[in-house]
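One structure is given below, encoded as structure tokens.
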Amino acid sequence: MILDPQLARLAEWFAALQGRAGELLDQRLRGDCLGGLEQVALTLEQQMQPAQAPEETLVTLADDDNRHPLSRTRWRTVLEHEIRPAIHAARDTLAATAASFDGGMAAAGLLTDLARTVAEEPELYFLDRSAEDSAAAKAGPVQIAVPLRRWLEEMFAEPVRGLVIELTRRAAALARDAAAELERIETVLDYHLFIVEDSREVEARDESAHTGLGHAIRLVRTLSDRSARDVRRLFAWFVAESSARMDDALAPLRTHRPDELMQQLEARAARSRPSWFRAQRDRARFGASALYTRAAPLVRELAQDVRRTFTGEGPRVGYWDLLIAGNDRADSLPAIYRRLFGEVPLGLSDLYQPRPRLEAPCRKVFETWLEGRRTALLVTGDRGAGKRTLVNRVRAELHGELPMHWISMGPHLASEARLCAALCEVTGAPYAASFAEFSRVVPLVGKRRVLILENAEQLFVRTPEGLARMQAFLDMVRVTDEAMLWIVLMAAPAATLLETCLRLPLYFGQVVEVPAESGRFIENMIRSRHRVSGFGLRFRERRAPALQRLRRPFTRADMLPDPGEEWFSDLERMCAGNLRQALDYWLLSARLDLKTEHDILVRPLPRRRGTALNDLSLSQRQVLVSLVQHGALTEAQLQEIVRSGGGIGPEIDDLRRRHLVDQGGPGGFLTLRPTAVGPVTHDLRWRSMI
């Protein structure tokens with residue numbers, strides 16, 4: 001019990017200070033921030049209600065389903081004029097709250113009051129020493145002067161000041177996280193708006209709009225509940241920690257123990273003086289840490305080399321058997337979710353991961369050509385590395401009056417005459433039957449144009465005729481690059497071979513090689529696409545191997561690797577930096593959680609290596625090399641390229657049974673199975689066959 005009135009007033013003041021901290025959190029977080037989130041939720045819920053009189057809505061030929069409450073026209077109007085302003089207002093409030101806490105303005109009054117109150121306390125305080133025996137009790141109390149202001153400053157004000165600073169930091173982080181979550185919710189609504197506008201069926205539009213609103217309402221309500229819970233926990237933490245500091249500071253004063261108070265002050269003063277032993281210990285610890293930082297990568301690299309020497313492992317990546325990868329995944333995920341991991345609309349900028357090192361040279365080619373100088377661009381990389389997305393991004397940034405034509409090469413355009421006919425059709429030039437003739441008619445077109453030729457490797461076949469056709473095409477590019485900007489996209493294996501045969505870079509002003517991406521880039525790409533869907537995300541934990549459980553039977557669960565980090569680490573090893581392959585593996589691993597129906601559950605990736613390419617013959621691998629380099633070939637073309645003693649029909653049939661090769665189209669062209677392109681390319685490159 002506090003008997004001294006001065007100490008009692010100090011305790012009452014501190015209780016009022018805690019109350020002011022609670023009022024600050026209530027006003028800034030519960031009142032302003034949670035109020036904004038509640039307004040967003042109410043706005044979204046109002047849009048879920050059916051219109052009062054939808055039959056009175058004007059129906060036009062341009063939008064014959066406008067009578068529906070969530071049609072294309074009304075969905076965009078509601079999103080732009082009602083939902084988005086509410087989200088932006090709530091985000092601005094959260095950002096302003098975070099800025100006020102970060103700048104220290106919100107808690108400045110608390111810190112000022114704390115410093116003023118401690119400074120107003122007396123320098124010395126006479127404290128009665130408690131009697132230890134009956135004789136001392138009869139003699140009367142002994143008063144000892146203690147430095148009260150110094151005691152309160154070191155034992156109370158300093159730790160409480162740190163608690164207030166930590167309180168403001170946590171409150172600012174809470175507001176920033178809520179603002180970021182609101183931005184994600186807005187992106188979810190943008191994605192569903194794109195689906196609504198792109199869908200042709202009324203039912204599909206209505207379903208997508210309801211799905212988007214349902215996701216958004218659930219996310220906002222969850223965010224509001226989580227934020228309210230975090231605010232309560234934050235205030236409870238501050239009260240508990242600050243009360244403990246106050247009790248520690250007042251305990252020697254309440255129980256009249258001046259000797260203990262003076263001993264603690266002397267011990268703190270002694271600890272603050274520099275110690276030779278402590279300085280040497282810190283220096284040794286820092287030196288050991290620096291040595292470990294430098295030596296650990298080298299030791300790990302040496303250990304991997306030694307392990308590969310004894311186990312015979314090469315730098316190959318593990319991957320699923322392609323039979324499993326080719327299974328139908330239509331029933332495992334919603335169609336809206338699967339669409340996110342295919343072709344991505346450039347309007348959703350959150351789905352594009354910037355690659356400045358590759359975008360800069362592409363942009364420079366456009367700028368050079370617009371200045372009137374001659375140039376051309378060659379973009380090379382493995383299939384699925386992102387060549388088309390890169391060119392599309394730069395093209396979208398530089399859009400304008402410049403006419404652009406995109407031609408996607410396929411087996412039907414592999415001949416010189418057919419490709420020339422397609423070029424004449426898109427440019428409006430007179431008919432030309434050869435590349436040389438097209439070069440002569442290009443000046444008749446008049447206006448300068450941009451021609452983007454995708455899958456250019458299909459124009460080249462590893463035969464004398466195919467090499468001559470490619471040479472004629474390059475000569476046409478060189479002759480016409482003043483009137484046309486040629487942007488050629490070519491697979492890396494074919495570009496490497498042509499660089500040796502025809503010195504390919506001499507015909508282009510800029511060559512951009514799209515490399516394999518890092519695991520961090522792939523993780524950001526996948527997570528950004530998933531966030532747009534509005535679904536939650538959980539990773540299923542992998543069961544530890546039996547040998548690991550035997551070696552470490554007492555390992556705590558929190559010491560095991562994070563399932564998400566482990567999954568993306570395995571993905572980087574499996575897809576070897578191929579973006580298309582990474583997206584395929586994600587769709588193969590992800591499943592809709594049937595328990596919640598609004599979460600995506602991701603299964604662990606297998607640790608075993610695939611067996612689809614282990615038992616292939618040399619002729620079969622040569623067939624795969626040809627398909628990797630040229631894209632699509634007929635059996636006769638493969639026979640001419642491989643030049644085996646007998647026919648290669650049985651080898652091709654076996655590759656089809658292994659789900660490595662597909663055959664289709666009117667010409668019977670053979671192509672690699674889409675899910676097999678990444679693993680086959682990486683395996684053949686490891687064997688030095690491409």
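In the structure tokens, chains take the letters A, B, ... in the order shown, each chain's residues start at 1, and ligands count up from 1 in the order shown.
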
_Contact residues around A:Val442 with only C-alpha atoms at 8 Å, ignoring same-chain residues under 6 positions, as an NGL selection string_ = :A and (429 or 480 or 483)

Let me see the file: selected residues, N, CA, C and O atoms, as a compact mmCIF listing (two decimals), in the first residue's frame.
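Final file, result33.txt:
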# COMPACT_ATOMS: atom_id res chain seq x y z
N ALA A 429 0.50 -4.54 -98.30
CA ALA A 429 1.39 -4.48 -99.46
C ALA A 429 0.87 -5.40 -100.56
O ALA A 429 0.09 -6.34 -100.30
N THR A 480 14.78 -3.97 -95.27
CA THR A 480 13.54 -3.24 -94.97
C THR A 480 13.52 -2.60 -93.60
O THR A 480 12.47 -2.10 -93.17
N ALA A 483 12.01 1.06 -93.26
CA ALA A 483 10.56 1.29 -93.37
C ALA A 483 9.79 0.51 -92.32
O ALA A 483 8.64 0.85 -92.01

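Residues surrounding stretch 418-424 of chain A within 7 Å are A:Pro430, A:Tyr431, A:Ala432, A:Ala433, A:Ser434, A:Phe435, A:Phe438 [only C-alpha atoms; sequence separation below 6 positions excluded].
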
Based on the selection just made, write all heavy atoms of those residues as an mmCIF file, in the first residue's frame.
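result.cif was written with the following content:
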data_model
loop_
_atom_site.group_PDB
_atom_site.id
_atom_site.type_symbol
_atom_site.label_atom_id
_atom_site.label_comp_id
_atom_site.auth_asym_id
_atom_site.auth_seq_id
_atom_site.Cartn_x
_atom_site.Cartn_y
_atom_site.Cartn_z
ATOM 1 N N PRO A 430 1.262 -5.162 -101.811
ATOM 2 C CA PRO A 430 0.887 -6.081 -102.898
ATOM 3 C C PRO A 430 1.432 -7.476 -102.642
ATOM 4 O O PRO A 430 2.388 -7.670 -101.892
ATOM 5 C CB PRO A 430 1.518 -5.439 -104.145
ATOM 6 C CG PRO A 430 1.741 -4.008 -103.773
ATOM 7 C CD PRO A 430 1.999 -3.987 -102.302
ATOM 8 N N TYR A 431 0.793 -8.453 -103.265
ATOM 9 C CA TYR A 431 1.167 -9.851 -103.006
ATOM 10 C C TYR A 431 2.615 -10.089 -103.424
ATOM 11 O O TYR A 431 3.071 -9.637 -104.485
ATOM 12 C CB TYR A 431 0.241 -10.795 -103.760
ATOM 13 C CG TYR A 431 0.655 -12.248 -103.632
ATOM 14 C CD1 TYR A 431 0.426 -12.936 -102.453
ATOM 15 C CD2 TYR A 431 1.305 -12.888 -104.689
ATOM 16 C CE1 TYR A 431 0.807 -14.254 -102.322
ATOM 17 C CE2 TYR A 431 1.696 -14.206 -104.569
ATOM 18 C CZ TYR A 431 1.450 -14.894 -103.377
ATOM 19 O OH TYR A 431 1.852 -16.190 -103.243
ATOM 20 N N ALA A 432 3.362 -10.825 -102.568
ATOM 21 C CA ALA A 432 4.741 -11.208 -102.850
ATOM 22 C C ALA A 432 4.899 -12.674 -102.497
ATOM 23 O O ALA A 432 4.394 -13.135 -101.460
ATOM 24 C CB ALA A 432 5.726 -10.354 -102.060
ATOM 25 N N ALA A 433 5.614 -13.403 -103.338
ATOM 26 C CA ALA A 433 5.767 -14.846 -103.142
ATOM 27 C C ALA A 433 7.076 -15.208 -102.471
ATOM 28 O O ALA A 433 7.271 -16.370 -102.111
ATOM 29 C CB ALA A 433 5.664 -15.567 -104.490
ATOM 30 N N SER A 434 7.996 -14.260 -102.313
ATOM 31 C CA SER A 434 9.297 -14.561 -101.709
ATOM 32 C C SER A 434 9.734 -13.375 -100.865
ATOM 33 O O SER A 434 9.196 -12.261 -100.984
ATOM 34 C CB SER A 434 10.341 -14.857 -102.790
ATOM 35 O OG SER A 434 10.565 -13.706 -103.585
ATOM 36 N N PHE A 435 10.732 -13.614 -100.030
ATOM 37 C CA PHE A 435 11.240 -12.543 -99.182
ATOM 38 C C PHE A 435 11.874 -11.436 -100.021
ATOM 39 O O PHE A 435 11.736 -10.249 -99.702
ATOM 40 C CB PHE A 435 12.262 -13.108 -98.194
ATOM 41 C CG PHE A 435 11.662 -14.029 -97.173
ATOM 42 C CD1 PHE A 435 12.319 -15.182 -96.765
ATOM 43 C CD2 PHE A 435 10.433 -13.749 -96.602
ATOM 44 C CE1 PHE A 435 11.772 -16.022 -95.829
ATOM 45 C CE2 PHE A 435 9.869 -14.585 -95.655
ATOM 46 C CZ PHE A 435 10.541 -15.726 -95.275
ATOM 47 N N PHE A 438 9.097 -9.361 -101.454
ATOM 48 C CA PHE A 438 8.466 -8.535 -100.424
ATOM 49 C C PHE A 438 9.337 -7.322 -100.106
ATOM 50 O O PHE A 438 8.818 -6.230 -99.824
ATOM 51 C CB PHE A 438 8.227 -9.364 -99.163
ATOM 52 C CG PHE A 438 7.582 -8.609 -98.046
ATOM 53 C CD1 PHE A 438 6.230 -8.304 -98.074
ATOM 54 C CD2 PHE A 438 8.331 -8.160 -96.966
ATOM 55 C CE1 PHE A 438 5.635 -7.588 -97.047
ATOM 56 C CE2 PHE A 438 7.742 -7.448 -95.942
ATOM 57 C CZ PHE A 438 6.391 -7.162 -95.978
#

_All residues 6 Å or closer to stretch 385-400 of chain A, only C-alpha atoms, same chain fewer than 2 positions away omitted, as a VMD selection string_ = chain A and resid 382 to 383 402 578 to 579

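The residue set within 6 Å of A:Val661, counting only C-alpha atoms and dropping same-chain residues fewer than 6 places from it, reads Leu655, Thr671, Leu672 and Arg673 of chain A.
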
Writer output for current selection, N, CA and C atoms, as a PDB file, in the first residue's frame:
ATOM      1  N   LEU A 655       7.737 -41.751 -77.801  1.00  0.00           N
ATOM      2  CA  LEU A 655       7.708 -40.429 -77.176  1.00  0.00           C
ATOM      3  C   LEU A 655       6.274 -39.955 -76.959  1.00  0.00           C
ATOM      4  N   THR A 671       4.913 -31.680 -82.082  1.00  0.00           N
ATOM      5  CA  THR A 671       5.369 -30.623 -81.173  1.00  0.00           C
ATOM      6  C   THR A 671       5.587 -31.217 -79.800  1.00  0.00           C
ATOM      7  N   LEU A 672       6.376 -30.524 -78.987  1.00  0.00           N
ATOM      8  CA  LEU A 672       6.545 -30.923 -77.601  1.00  0.00           C
ATOM      9  C   LEU A 672       5.274 -30.611 -76.816  1.00  0.00           C
ATOM     10  N   ARG A 673       4.944 -31.498 -75.886  1.00  0.00           N
ATOM     11  CA  ARG A 673       3.802 -31.236 -75.007  1.00  0.00           C
ATOM     12  C   ARG A 673       4.101 -29.982 -74.182  1.00  0.00           C
TER      13      ARG A 673
END

*What is the atom CA of A:Ala296 to atom CA of A:Arg283 distance in Å?*
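Spanning atom CA of A:Ala296 to atom CA of A:Arg283 is a straight-line distance of 19.7 Å.
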
*Have a look at A:Asp481, A:Ser533, A:Ala576, A:Val623 and name the one nearest to A:Trp686; count only C-alpha atoms.*
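Residue with the minimum atom-to-atom distance to A:Trp686: A:Ala576.
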